[in-house]
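Source file: data.cif. Holds: mmCIF, C-alpha atoms.
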data_start
#
loop_
_atom_site.label_atom_id
_atom_site.label_comp_id
_atom_site.auth_asym_id
_atom_site.auth_seq_id
_atom_site.Cartn_x
_atom_site.Cartn_y
_atom_site.Cartn_z
CA MET A 1 -16.96 -9.90 -34.16
CA SER A 2 -13.85 -7.70 -34.10
CA ASP A 3 -10.36 -9.18 -34.15
CA ILE A 4 -9.88 -8.34 -30.44
CA GLN A 5 -13.21 -9.96 -29.51
CA GLU A 6 -12.38 -13.04 -31.56
CA GLN A 7 -8.94 -13.41 -29.96
CA ILE A 8 -10.32 -13.14 -26.43
CA ASP A 9 -13.26 -15.45 -27.13
CA THR A 10 -11.05 -18.10 -28.77
CA TYR A 11 -8.63 -17.99 -25.83
CA LEU A 12 -11.35 -18.26 -23.16
CA ASN A 13 -13.29 -20.97 -24.99
CA SER A 14 -10.15 -23.06 -25.16
CA LEU A 15 -9.58 -22.67 -21.40
CA ALA A 16 -13.21 -23.44 -20.60
CA GLN A 17 -13.16 -26.62 -22.67
CA ASP A 18 -10.11 -27.84 -20.71
CA ARG A 19 -11.75 -26.98 -17.34
CA LYS A 20 -9.16 -24.24 -16.82
CA PHE A 21 -11.67 -21.40 -16.60
CA SER A 22 -15.27 -20.86 -15.56
CA GLY A 23 -16.56 -17.35 -15.05
CA SER A 24 -17.18 -13.97 -16.64
CA VAL A 25 -14.86 -11.46 -18.29
CA LEU A 26 -15.10 -7.79 -19.26
CA ALA A 27 -12.44 -5.82 -21.13
CA SER A 28 -12.56 -2.13 -21.97
CA LYS A 29 -10.40 0.58 -23.49
CA LYS A 30 -10.86 4.35 -23.43
CA ASP A 31 -14.35 4.32 -21.91
CA SER A 32 -15.68 1.66 -24.29
CA ILE A 33 -16.46 -1.96 -23.42
CA LEU A 34 -14.75 -4.05 -26.09
CA PHE A 35 -15.64 -7.47 -24.74
CA LYS A 36 -17.89 -9.10 -22.14
CA SER A 37 -19.03 -12.68 -21.91
CA GLY A 38 -19.46 -15.67 -19.63
CA TYR A 39 -17.94 -19.16 -19.84
CA GLY A 40 -18.78 -22.38 -18.07
CA LYS A 41 -21.59 -22.81 -15.56
CA ALA A 42 -22.76 -20.54 -12.74
CA ASN A 43 -24.43 -23.64 -11.33
CA ILE A 44 -23.43 -27.01 -12.72
CA GLU A 45 -26.16 -29.00 -10.97
CA LEU A 46 -28.89 -26.76 -12.36
CA ASP A 47 -27.15 -26.30 -15.74
CA VAL A 48 -27.10 -22.48 -15.52
CA ASP A 49 -24.55 -20.64 -17.69
CA ASN A 50 -22.22 -17.88 -16.53
CA THR A 51 -23.03 -14.51 -18.14
CA PRO A 52 -21.83 -10.91 -17.62
CA GLU A 53 -24.75 -10.54 -15.18
CA THR A 54 -23.66 -13.46 -12.96
CA ALA A 55 -22.78 -12.42 -9.39
CA PHE A 56 -19.52 -13.78 -7.98
CA ARG A 57 -17.76 -13.50 -4.65
CA ILE A 58 -14.89 -11.14 -5.47
CA GLY A 59 -12.67 -11.89 -2.46
CA SER A 60 -9.96 -9.33 -1.80
CA ILE A 61 -11.04 -6.93 -4.55
CA THR A 62 -13.30 -5.93 -1.63
CA LYS A 63 -10.25 -4.20 -0.13
CA THR A 64 -10.31 -1.54 -2.85
CA ILE A 65 -13.86 -0.69 -1.77
CA THR A 66 -13.13 -0.76 1.97
CA ALA A 67 -10.11 1.49 1.52
CA LEU A 68 -12.12 4.07 -0.42
CA GLY A 69 -14.82 4.06 2.27
CA VAL A 70 -12.20 4.81 4.93
CA VAL A 71 -10.65 7.60 2.84
CA GLN A 72 -14.11 9.12 2.33
CA LEU A 73 -14.46 9.35 6.12
CA ILE A 74 -10.96 10.83 6.35
CA GLU A 75 -11.96 13.50 3.82
CA GLN A 76 -14.99 14.29 5.99
CA GLY A 77 -12.73 14.79 9.02
CA LYS A 78 -14.19 11.83 10.90
CA LEU A 79 -10.91 9.92 10.77
CA SER A 80 -7.25 10.66 10.04
CA PHE A 81 -4.54 8.61 8.34
CA ASP A 82 -2.40 9.21 11.44
CA ASP A 83 -4.98 8.17 14.04
CA TYR A 84 -3.76 5.38 16.29
CA ILE A 85 -6.26 2.55 16.21
CA GLY A 86 -6.08 2.00 19.98
CA LYS A 87 -8.39 5.03 20.15
CA TYR A 88 -11.09 2.95 18.43
CA PHE A 89 -10.08 -0.58 19.45
CA PRO A 90 -8.74 -0.55 23.03
CA CYS A 91 -8.54 -4.36 23.03
CA GLN A 92 -6.18 -4.48 20.03
CA LYS A 93 -2.68 -5.31 21.26
CA ASP A 94 -0.21 -2.49 20.47
CA GLY A 95 -3.04 -0.39 19.04
CA ASP A 96 -1.29 2.69 20.42
CA ARG A 97 1.51 2.10 17.87
CA ILE A 98 -0.59 1.23 14.81
CA THR A 99 -2.16 3.91 12.60
CA ILE A 100 -5.02 3.76 10.12
CA HIS A 101 -2.41 4.29 7.39
CA HIS A 102 -0.59 1.16 8.57
CA LEU A 103 -3.82 -0.84 8.18
CA LEU A 104 -4.53 0.55 4.71
CA THR A 105 -1.03 -0.29 3.45
CA HIS A 106 -0.56 -3.70 5.13
CA THR A 107 2.29 -2.39 7.26
CA SER A 108 0.71 -2.80 10.72
CA GLY A 109 2.47 -5.97 11.80
CA ILE A 110 -0.86 -7.56 12.81
CA THR A 111 -1.00 -11.27 12.10
CA ASN A 112 -3.25 -12.45 9.27
CA TYR A 113 -6.28 -14.19 10.80
CA THR A 114 -6.99 -16.22 7.65
CA GLU A 115 -3.70 -18.05 8.20
CA ASN A 116 -5.03 -19.41 11.51
CA ALA A 117 -4.35 -23.16 11.72
CA ASN A 118 -7.91 -23.73 12.96
CA LEU A 119 -9.55 -21.62 10.22
CA PHE A 120 -11.72 -24.41 8.82
CA ASP A 121 -13.05 -25.25 12.27
CA TRP A 122 -14.98 -21.98 12.42
CA ALA A 123 -14.91 -20.22 9.04
CA SER A 124 -18.09 -21.82 7.69
CA LEU A 125 -20.08 -20.51 10.66
CA PRO A 126 -21.21 -16.87 11.03
CA SER A 127 -19.19 -14.50 13.23
CA ASN A 128 -20.09 -11.04 14.43
CA THR A 129 -17.49 -8.30 14.10
CA LYS A 130 -16.36 -8.51 17.72
CA GLU A 131 -15.80 -12.26 17.46
CA LEU A 132 -13.82 -11.78 14.25
CA LEU A 133 -11.53 -9.11 15.73
CA ASN A 134 -11.00 -11.18 18.87
CA ARG A 135 -9.40 -13.89 16.75
CA PHE A 136 -6.25 -11.79 16.43
CA SER A 137 -6.45 -8.85 18.86
CA ASN A 138 -4.30 -10.45 21.59
CA ILE A 139 -1.57 -11.87 19.34
CA ASP A 140 1.89 -10.28 19.31
CA LEU A 141 2.77 -8.19 16.26
CA ASN A 142 4.89 -9.83 13.57
CA TYR A 143 7.10 -6.73 13.26
CA GLU A 144 7.27 -3.08 14.24
CA PRO A 145 4.43 -1.06 12.60
CA GLY A 146 5.60 0.66 9.43
CA GLU A 147 8.74 -1.46 9.20
CA LYS A 148 7.70 -3.53 6.20
CA TYR A 149 4.82 -4.81 4.06
CA GLN A 150 3.06 -8.03 4.97
CA TYR A 151 -0.39 -8.76 3.57
CA SER A 152 -2.96 -9.07 6.37
CA ASN A 153 -6.69 -9.54 6.12
CA SER A 154 -6.87 -8.61 9.80
CA GLY A 155 -6.07 -4.98 9.01
CA TYR A 156 -9.00 -4.77 6.61
CA ALA A 157 -11.36 -6.41 9.12
CA LEU A 158 -10.37 -3.59 11.48
CA LEU A 159 -10.96 -1.01 8.75
CA GLY A 160 -14.49 -2.35 8.21
CA ALA A 161 -15.17 -2.02 11.93
CA LEU A 162 -13.65 1.47 11.81
CA ILE A 163 -16.11 2.47 9.07
CA GLU A 164 -18.93 1.31 11.35
CA GLN A 165 -17.68 3.39 14.28
CA ALA A 166 -17.04 6.55 12.26
CA SER A 167 -20.24 6.42 10.16
CA ASP A 168 -22.67 4.92 12.68
CA GLN A 169 -23.77 2.49 9.97
CA SER A 170 -23.06 -1.19 9.40
CA TYR A 171 -20.20 -1.79 6.99
CA GLY A 172 -22.58 -3.28 4.39
CA SER A 173 -24.99 -0.34 4.63
CA TYR A 174 -22.18 2.20 4.39
CA ILE A 175 -20.63 0.84 1.21
CA GLU A 176 -24.08 0.44 -0.33
CA ASP A 177 -25.15 4.02 0.48
CA HIS A 178 -21.87 5.78 -0.27
CA ILE A 179 -20.31 3.71 -3.06
CA PHE A 180 -22.62 1.23 -4.78
CA ASN A 181 -25.86 3.23 -5.00
CA PRO A 182 -24.21 6.48 -6.24
CA LEU A 183 -22.58 4.50 -9.06
CA GLY A 184 -25.60 2.39 -9.98
CA MET A 185 -23.87 -0.83 -8.89
CA VAL A 186 -27.23 -2.51 -8.27
CA ASN A 187 -25.85 -6.07 -8.30
CA THR A 188 -23.10 -5.46 -5.73
CA ARG A 189 -23.44 -5.92 -1.98
CA LEU A 190 -21.91 -7.48 1.08
CA ASP A 191 -22.66 -11.17 0.58
CA ASP A 192 -25.24 -12.85 2.78
CA PRO A 193 -26.08 -16.54 2.32
CA GLN A 194 -29.60 -16.01 3.66
CA GLU A 195 -30.47 -13.38 1.06
CA ILE A 196 -31.96 -14.30 -2.29
CA ILE A 197 -29.37 -12.86 -4.66
CA PRO A 198 -30.31 -13.00 -8.36
CA LEU A 199 -27.90 -14.92 -10.60
CA ARG A 200 -25.53 -15.79 -7.74
CA ALA A 201 -22.83 -18.27 -8.86
CA SER A 202 -21.95 -21.41 -6.93
CA GLY A 203 -18.27 -22.04 -6.20
CA TYR A 204 -16.29 -25.08 -7.36
CA GLU A 205 -12.82 -26.54 -7.19
CA ILE A 206 -10.94 -29.50 -8.62
CA ASP A 207 -9.81 -32.01 -6.02
CA THR A 208 -6.59 -34.04 -5.92
CA ASN A 209 -8.20 -36.69 -8.12
CA GLU A 210 -8.98 -34.08 -10.81
CA LYS A 211 -12.66 -34.31 -9.92
CA LEU A 212 -14.86 -31.19 -9.96
CA ILE A 213 -16.51 -30.70 -6.55
CA ASN A 214 -18.53 -28.11 -4.66
CA SER A 215 -16.12 -25.90 -2.78
CA TYR A 216 -15.84 -25.45 0.97
CA ASN A 217 -17.88 -22.42 1.95
CA ILE A 218 -16.46 -19.63 4.11
CA HIS A 219 -19.31 -17.66 5.67
CA PRO A 220 -19.11 -14.10 4.27
CA SER A 221 -19.14 -12.63 7.78
CA ASN A 222 -15.66 -14.13 8.21
CA ALA A 223 -14.45 -12.44 5.04
CA TYR A 224 -16.20 -9.17 5.97
CA ALA A 225 -14.44 -5.98 4.83
CA ALA A 226 -11.38 -7.96 3.71
CA GLY A 227 -13.22 -10.07 1.13
CA GLY A 228 -16.98 -10.35 1.64
CA VAL A 229 -18.43 -8.46 -1.35
CA ILE A 230 -20.33 -10.12 -4.22
CA SER A 231 -20.45 -8.38 -7.62
CA THR A 232 -20.57 -8.70 -11.41
CA VAL A 233 -18.10 -7.73 -14.14
CA GLU A 234 -20.51 -5.04 -15.30
CA ASP A 235 -20.75 -3.45 -11.85
CA LEU A 236 -16.97 -3.59 -11.34
CA TYR A 237 -16.60 -1.75 -14.64
CA LEU A 238 -18.71 1.08 -13.13
CA TRP A 239 -16.38 1.01 -10.11
CA ASP A 240 -13.32 1.20 -12.36
CA GLN A 241 -14.68 4.11 -14.39
CA ALA A 242 -15.68 6.08 -11.28
CA LEU A 243 -12.04 6.18 -10.19
CA TYR A 244 -11.27 8.44 -13.16
CA THR A 245 -13.80 10.97 -11.81
CA ASN A 246 -14.60 12.86 -8.61
CA LYS A 247 -17.89 11.03 -8.00
CA LEU A 248 -16.69 9.34 -4.83
CA LEU A 249 -13.56 11.25 -3.82
CA PRO A 250 -11.52 14.23 -5.03
CA GLN A 251 -8.94 13.06 -7.55
CA HIS A 252 -5.96 13.96 -5.35
CA LEU A 253 -7.15 11.46 -2.73
CA ILE A 254 -7.71 8.74 -5.33
CA ASN A 255 -4.19 9.44 -6.61
CA TYR A 256 -2.89 9.14 -3.05
CA MET A 257 -4.57 5.74 -2.67
CA LEU A 258 -2.84 4.62 -5.87
CA THR A 259 0.59 5.85 -4.77
CA PRO A 260 3.04 3.00 -4.03
CA HIS A 261 4.03 2.55 -0.42
CA LYS A 262 5.80 -0.67 0.51
CA GLY A 263 5.45 -4.10 -1.12
CA ASP A 264 7.21 -7.35 -1.96
CA HIS A 265 9.62 -8.10 -4.80
CA ASP A 266 6.82 -8.28 -7.42
CA TYR A 267 4.69 -5.24 -6.63
CA SER A 268 4.04 -2.30 -4.34
CA TYR A 269 0.89 -1.61 -2.33
CA GLY A 270 -0.91 1.69 -1.90
CA CYS A 271 -4.10 2.14 0.14
CA GLY A 272 -6.13 -0.90 -0.86
CA TRP A 273 -4.49 -1.25 -4.28
CA ILE A 274 -1.70 -3.33 -5.80
CA ILE A 275 0.58 -1.21 -8.00
CA GLN A 276 2.83 -2.97 -10.46
CA ASP A 277 5.09 -2.09 -13.39
CA THR A 278 4.13 -3.93 -16.59
CA PRO A 279 5.10 -3.77 -20.28
CA TYR A 280 1.89 -1.72 -20.75
CA GLY A 281 2.67 0.89 -18.11
CA THR A 282 1.72 0.96 -14.45
CA MET A 283 -1.06 -1.44 -13.46
CA THR A 284 -3.30 -0.64 -10.49
CA GLY A 285 -5.60 -3.41 -9.39
CA HIS A 286 -6.23 -6.29 -7.04
CA THR A 287 -6.67 -10.03 -6.99
CA GLY A 288 -9.17 -12.02 -4.97
CA GLY A 289 -9.37 -15.59 -3.77
CA ILE A 290 -11.93 -17.24 -1.49
CA PRO A 291 -12.86 -20.96 -1.59
CA GLY A 292 -14.71 -21.59 -4.86
CA PHE A 293 -13.92 -18.18 -6.37
CA THR A 294 -10.97 -16.24 -7.82
CA SER A 295 -10.85 -12.81 -9.39
CA ILE A 296 -8.65 -10.09 -10.77
CA LEU A 297 -9.23 -6.41 -11.58
CA MET A 298 -6.48 -4.84 -13.72
CA ARG A 299 -6.40 -1.15 -14.60
CA PHE A 300 -3.84 0.49 -16.90
CA PRO A 301 -4.41 4.25 -16.49
CA SER A 302 -1.93 5.31 -19.18
CA THR A 303 -3.82 3.38 -21.88
CA LYS A 304 -7.24 3.43 -20.17
CA VAL A 305 -7.42 -0.36 -20.49
CA THR A 306 -9.33 -2.39 -17.89
CA VAL A 307 -9.58 -6.17 -17.58
CA ILE A 308 -11.99 -7.79 -15.09
CA VAL A 309 -12.04 -11.56 -14.58
CA LEU A 310 -14.41 -13.21 -12.08
CA SER A 311 -14.33 -16.99 -11.73
CA ASN A 312 -16.37 -19.52 -9.77
CA MET A 313 -13.60 -22.08 -9.87
CA PHE A 314 -10.77 -21.93 -7.34
CA GLN A 315 -7.91 -21.55 -9.83
CA ASP A 316 -5.37 -18.81 -10.43
CA VAL A 317 -6.87 -16.35 -12.94
CA ALA A 318 -4.01 -13.84 -12.96
CA HIS A 319 -2.62 -15.41 -16.13
CA VAL A 320 -6.05 -15.03 -17.77
CA GLY A 321 -6.10 -11.31 -17.02
CA GLN A 322 -2.51 -10.89 -18.17
CA HIS A 323 -3.18 -12.66 -21.47
CA ILE A 324 -6.23 -10.50 -22.19
CA ALA A 325 -4.27 -7.36 -21.27
CA GLY A 326 -1.72 -8.40 -23.89
CA ILE A 327 -4.44 -8.70 -26.54
CA LEU A 328 -5.63 -5.16 -25.70
CA HIS A 329 -2.06 -3.81 -26.04
CA PRO A 330 -1.16 -5.31 -29.44
CA ASN A 331 1.67 -2.94 -30.28
CA THR A 332 3.62 -3.41 -27.05
CA ALA A 333 6.54 -5.80 -26.95
CA VAL A 334 6.53 -8.14 -23.94
#
Could you spell out this file's structure in structure tokens?
Amino acid sequence: MSDIQEQIDTYLNSLAQDRKFSGSVLASKKDSILFKSGYGKANIELDVDNTPETAFRIGSITKTITALGVVQLIEQGKLSFDDYIGKYFPCQKDGDRITIHHLLTHTSGITNYTENANLFDWASLPSNTKELLNRFSNIDLNYEPGEKYQYSNSGYALLGALIEQASDQSYGSYIEDHIFNPLGMVNTRLDDPQEIIPLRASGYEIDTNEKLINSYNIHPSNAYAAGGVISTVEDLYLWDQALYTNKLLPQHLINYMLTPHKGDHDYSYGCGWIIQDTPYGTMTGHTGGIPGFTSILMRFPSTKVTVIVLSNMFQDVAHVGQHIAGILHPNTAV
């Protein structure tokens, strides 16, 4: 075991023993996988270990995939960044003032449907796309479109529905045909609780009494294009590597997606991507959180370092990714 592998393994083992991490991790540098392993249990009741092949709900990392699907359709001339969404969604309030670019960059002003006070009354039950969009389509905007950044899952639900209109395919079929299959991401798909999905992890959380419990389950149809994909660290590595090529999009459009637009005090947001200054250069990536699961994908293009952390315990894993990124950048002062 190399020094880097030993450092990462020692760190993750220590977290796992203290119930501070359960999941799978992959770390790479300059086109080579330096580390991949699983920790904790994919299913505690059945005593099944997490491995690099375990499939996790990735939450909002899904947005990176949805955004690329939309930009593919823009490249084909089926959509435009400047299209007003009222053209596609006549029932969306103020749709004549909101563009596709506003949705991609979280600058639309549309309220975030996952902050609905009644979320847990309906989120465990399946919704079709129309029902999902109707949960926010009549609500007043929070601000003038383009005025500022405010994270909104609603915008990405609309983008998934937009992919369906422009491609004449379901969202799940589109991303499978145009993203996952071309890259060989055979263990990645839009999640479906009725499907038999090999090596699917169960989700857990720790309650207020420090007891490990099965997590509340949000039906994937309610996460949809904002957070409904299930994947593995190995498949997300294929996704990461494809973004350095023209396999899915010309490089100038990938670069455009990774260009900072607006953001909050900690980071900027491009088209489906968080962009952040770090001691190791610019980081492009995304986090994900859905009951029972948390995730982070961190890419450092200047050093070609990638860190992927997928967890089936509802805990913040950003610090895990940051620590591993530090191990892979040993000569950089923090």
Would you tabulate, counting only C-alpha atoms, all residues of segment 143-230 of chain A that have an atom at most 9 Å from an atom of segment 49-55 of chain A, showing the closest pair of atoms and their distance in Å to one decimal, sorted by chain then ascending number, as a Markdown table?
| residue | atom | partner | partner_atom | distance |
| --- | --- | --- | --- | --- |
| A:Asn187 | CA | A:Ala55 | CA | 7.1 |
| A:Thr188 | CA | A:Ala55 | CA | 7.9 |
| A:Ile197 | CA | A:Ala55 | CA | 8.1 |
| A:Pro198 | CA | A:Ala55 | CA | 7.6 |
| A:Leu199 | CA | A:Thr54 | CA | 5.1 |
| A:Arg200 | CA | A:Ala55 | CA | 4.7 |
| A:Ala201 | CA | A:Ala55 | CA | 5.9 |
| A:Ile230 | CA | A:Ala55 | CA | 6.2 |
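Counting only C-alpha atoms, the residue from A:Met185, A:Cys91, A:Met313, A:Leu119 that sits nearest to Ala223 of chain A is A:Leu119.
The residues returned by the PyMOL selection byres ((chain A and resi 269) around 10) on the shown structure are Leu104, Thr105, His106, Thr107, Tyr149, Gln150, Tyr151, Met257, Leu258, Thr259, Pro260, His261, Lys262, Gly263, Asp264, Tyr267, Ser268, Gly270, Cys271, Gly272, Trp273, Ile274, Ile275, Gln276, Thr284, Gly285 and His286 of chain A.
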Restricted to C-alpha atoms, what would the selected residues look like written as a PDB file, keeping the file's coordinate frame?
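As written to disk, out.pdb reads:
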ATOM      1  CA  LEU A 104      -4.530   0.550   4.710  1.00  0.00           C
ATOM      2  CA  THR A 105      -1.030  -0.290   3.450  1.00  0.00           C
ATOM      3  CA  HIS A 106      -0.560  -3.700   5.130  1.00  0.00           C
ATOM      4  CA  THR A 107       2.290  -2.390   7.260  1.00  0.00           C
ATOM      5  CA  TYR A 149       4.820  -4.810   4.060  1.00  0.00           C
ATOM      6  CA  GLN A 150       3.060  -8.030   4.970  1.00  0.00           C
ATOM      7  CA  TYR A 151      -0.390  -8.760   3.570  1.00  0.00           C
ATOM      8  CA  MET A 257      -4.570   5.740  -2.670  1.00  0.00           C
ATOM      9  CA  LEU A 258      -2.840   4.620  -5.870  1.00  0.00           C
ATOM     10  CA  THR A 259       0.590   5.850  -4.770  1.00  0.00           C
ATOM     11  CA  PRO A 260       3.040   3.000  -4.030  1.00  0.00           C
ATOM     12  CA  HIS A 261       4.030   2.550  -0.420  1.00  0.00           C
ATOM     13  CA  LYS A 262       5.800  -0.670   0.510  1.00  0.00           C
ATOM     14  CA  GLY A 263       5.450  -4.100  -1.120  1.00  0.00           C
ATOM     15  CA  ASP A 264       7.210  -7.350  -1.960  1.00  0.00           C
ATOM     16  CA  TYR A 267       4.690  -5.240  -6.630  1.00  0.00           C
ATOM     17  CA  SER A 268       4.040  -2.300  -4.340  1.00  0.00           C
ATOM     18  CA  GLY A 270      -0.910   1.690  -1.900  1.00  0.00           C
ATOM     19  CA  CYS A 271      -4.100   2.140   0.140  1.00  0.00           C
ATOM     20  CA  GLY A 272      -6.130  -0.900  -0.860  1.00  0.00           C
ATOM     21  CA  TRP A 273      -4.490  -1.250  -4.280  1.00  0.00           C
ATOM     22  CA  ILE A 274      -1.700  -3.330  -5.800  1.00  0.00           C
ATOM     23  CA  ILE A 275       0.580  -1.210  -8.000  1.00  0.00           C
ATOM     24  CA  GLN A 276       2.830  -2.970 -10.460  1.00  0.00           C
ATOM     25  CA  THR A 284      -3.300  -0.640 -10.490  1.00  0.00           C
ATOM     26  CA  GLY A 285      -5.600  -3.410  -9.390  1.00  0.00           C
ATOM     27  CA  HIS A 286      -6.230  -6.290  -7.040  1.00  0.00           C
TER      28      HIS A 286
END
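Picked out by the PyMOL selection byres ((chain A and resi 78) around 12) when it runs on this file: Gly69, Val70, Val71, Gln72, Leu73, Ile74, Glu75, Gln76, Gly77, Leu79, Ser80, Phe81, Asp83, Leu162, Ile163, Glu164, Gln165, Ala166, Ser167 and Asp168 of chain A.
Nearest-residue note for Val305 of chain A: choosing from A:Leu249, A:Ala325, A:Val48, A:Ile290, the minimum distance belongs to A:Ala325, counting all atoms listed in the file.
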task: Take the PyMOL selection byres ((chain A and resi 65) around 9), apply it to the structure above, and return the hits as a PyMOL selection string.
output: chain A and resi 61-64+66-70+175+179+225+239+272
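One finds atom CA of Gly281 of chain A at 9.9 Å from atom CA of Arg299 of chain A.
With all atoms listed in the file as the atoms that count, the minimum distance from Glu131 of chain A to the choices A:Asn222, A:Gln322, A:Asn246, A:Gln241 is reached by A:Asn222.
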For segment 127-134 of chain A, supply all heavy atoms and report the output as a PDB file, in the frame of the given file.
ATOM      1  N   SER A 127     -19.834 -15.199  12.109  1.00  0.00           N
ATOM      2  CA  SER A 127     -19.190 -14.500  13.230  1.00  0.00           C
ATOM      3  C   SER A 127     -19.686 -13.061  13.228  1.00  0.00           C
ATOM      4  O   SER A 127     -19.895 -12.472  12.162  1.00  0.00           O
ATOM      5  CB  SER A 127     -17.668 -14.472  13.061  1.00  0.00           C
ATOM      6  OG  SER A 127     -17.111 -15.750  13.058  1.00  0.00           O
ATOM      7  N   ASN A 128     -19.859 -12.483  14.410  1.00  0.00           N
ATOM      8  CA  ASN A 128     -20.090 -11.040  14.430  1.00  0.00           C
ATOM      9  C   ASN A 128     -18.736 -10.339  14.426  1.00  0.00           C
ATOM     10  O   ASN A 128     -17.677 -10.981  14.557  1.00  0.00           O
ATOM     11  CB  ASN A 128     -20.960 -10.624  15.621  1.00  0.00           C
ATOM     12  CG  ASN A 128     -20.339 -10.949  16.974  1.00  0.00           C
ATOM     13  OD1 ASN A 128     -19.132 -10.769  17.176  1.00  0.00           O
ATOM     14  ND2 ASN A 128     -21.147 -11.424  17.911  1.00  0.00           N
ATOM     15  N   THR A 129     -18.744  -9.034  14.259  1.00  0.00           N
ATOM     16  CA  THR A 129     -17.490  -8.300  14.100  1.00  0.00           C
ATOM     17  C   THR A 129     -16.590  -8.440  15.319  1.00  0.00           C
ATOM     18  O   THR A 129     -15.365  -8.636  15.190  1.00  0.00           O
ATOM     19  CB  THR A 129     -17.780  -6.813  13.810  1.00  0.00           C
ATOM     20  OG1 THR A 129     -18.633  -6.723  12.669  1.00  0.00           O
ATOM     21  CG2 THR A 129     -16.501  -6.059  13.517  1.00  0.00           C
ATOM     22  N   LYS A 130     -17.159  -8.379  16.509  1.00  0.00           N
ATOM     23  CA  LYS A 130     -16.360  -8.510  17.720  1.00  0.00           C
ATOM     24  C   LYS A 130     -15.664  -9.861  17.785  1.00  0.00           C
ATOM     25  O   LYS A 130     -14.468  -9.948  18.111  1.00  0.00           O
ATOM     26  CB  LYS A 130     -17.244  -8.304  18.954  1.00  0.00           C
ATOM     27  CG  LYS A 130     -16.468  -8.341  20.265  1.00  0.00           C
ATOM     28  CD  LYS A 130     -17.393  -8.098  21.460  1.00  0.00           C
ATOM     29  CE  LYS A 130     -16.594  -8.146  22.766  1.00  0.00           C
ATOM     30  NZ  LYS A 130     -17.479  -7.938  23.945  1.00  0.00           N
ATOM     31  N   GLU A 131     -16.391 -10.923  17.458  1.00  0.00           N
ATOM     32  CA  GLU A 131     -15.800 -12.260  17.460  1.00  0.00           C
ATOM     33  C   GLU A 131     -14.660 -12.358  16.455  1.00  0.00           C
ATOM     34  O   GLU A 131     -13.613 -12.959  16.733  1.00  0.00           O
ATOM     35  CB  GLU A 131     -16.866 -13.309  17.128  1.00  0.00           C
ATOM     36  CG  GLU A 131     -17.891 -13.513  18.230  1.00  0.00           C
ATOM     37  CD  GLU A 131     -19.064 -14.372  17.781  1.00  0.00           C
ATOM     38  OE1 GLU A 131     -19.352 -14.419  16.561  1.00  0.00           O
ATOM     39  OE2 GLU A 131     -19.703 -14.976  18.659  1.00  0.00           O
ATOM     40  N   LEU A 132     -14.848 -11.745  15.284  1.00  0.00           N
ATOM     41  CA  LEU A 132     -13.820 -11.780  14.250  1.00  0.00           C
ATOM     42  C   LEU A 132     -12.553 -11.072  14.717  1.00  0.00           C
ATOM     43  O   LEU A 132     -11.441 -11.601  14.603  1.00  0.00           O
ATOM     44  CB  LEU A 132     -14.354 -11.149  12.970  1.00  0.00           C
ATOM     45  CG  LEU A 132     -13.501 -11.313  11.718  1.00  0.00           C
ATOM     46  CD1 LEU A 132     -13.374 -12.784  11.335  1.00  0.00           C
ATOM     47  CD2 LEU A 132     -14.102 -10.522  10.565  1.00  0.00           C
ATOM     48  N   LEU A 133     -12.701  -9.870  15.282  1.00  0.00           N
ATOM     49  CA  LEU A 133     -11.530  -9.110  15.730  1.00  0.00           C
ATOM     50  C   LEU A 133     -10.834  -9.798  16.900  1.00  0.00           C
ATOM     51  O   LEU A 133      -9.606  -9.712  17.026  1.00  0.00           O
ATOM     52  CB  LEU A 133     -11.944  -7.691  16.126  1.00  0.00           C
ATOM     53  CG  LEU A 133     -12.628  -6.827  15.047  1.00  0.00           C
ATOM     54  CD1 LEU A 133     -12.752  -5.384  15.526  1.00  0.00           C
ATOM     55  CD2 LEU A 133     -11.895  -6.880  13.720  1.00  0.00           C
ATOM     56  N   ASN A 134     -11.600 -10.479  17.727  1.00  0.00           N
ATOM     57  CA  ASN A 134     -11.000 -11.180  18.870  1.00  0.00           C
ATOM     58  C   ASN A 134     -10.113 -12.340  18.443  1.00  0.00           C
ATOM     59  O   ASN A 134      -9.302 -12.818  19.244  1.00  0.00           O
ATOM     60  CB  ASN A 134     -12.088 -11.694  19.810  1.00  0.00           C
ATOM     61  CG  ASN A 134     -12.670 -10.598  20.680  1.00  0.00           C
ATOM     62  OD1 ASN A 134     -12.086  -9.518  20.813  1.00  0.00           O
ATOM     63  ND2 ASN A 134     -13.827 -10.861  21.271  1.00  0.00           N
TER      64      ASN A 134
END
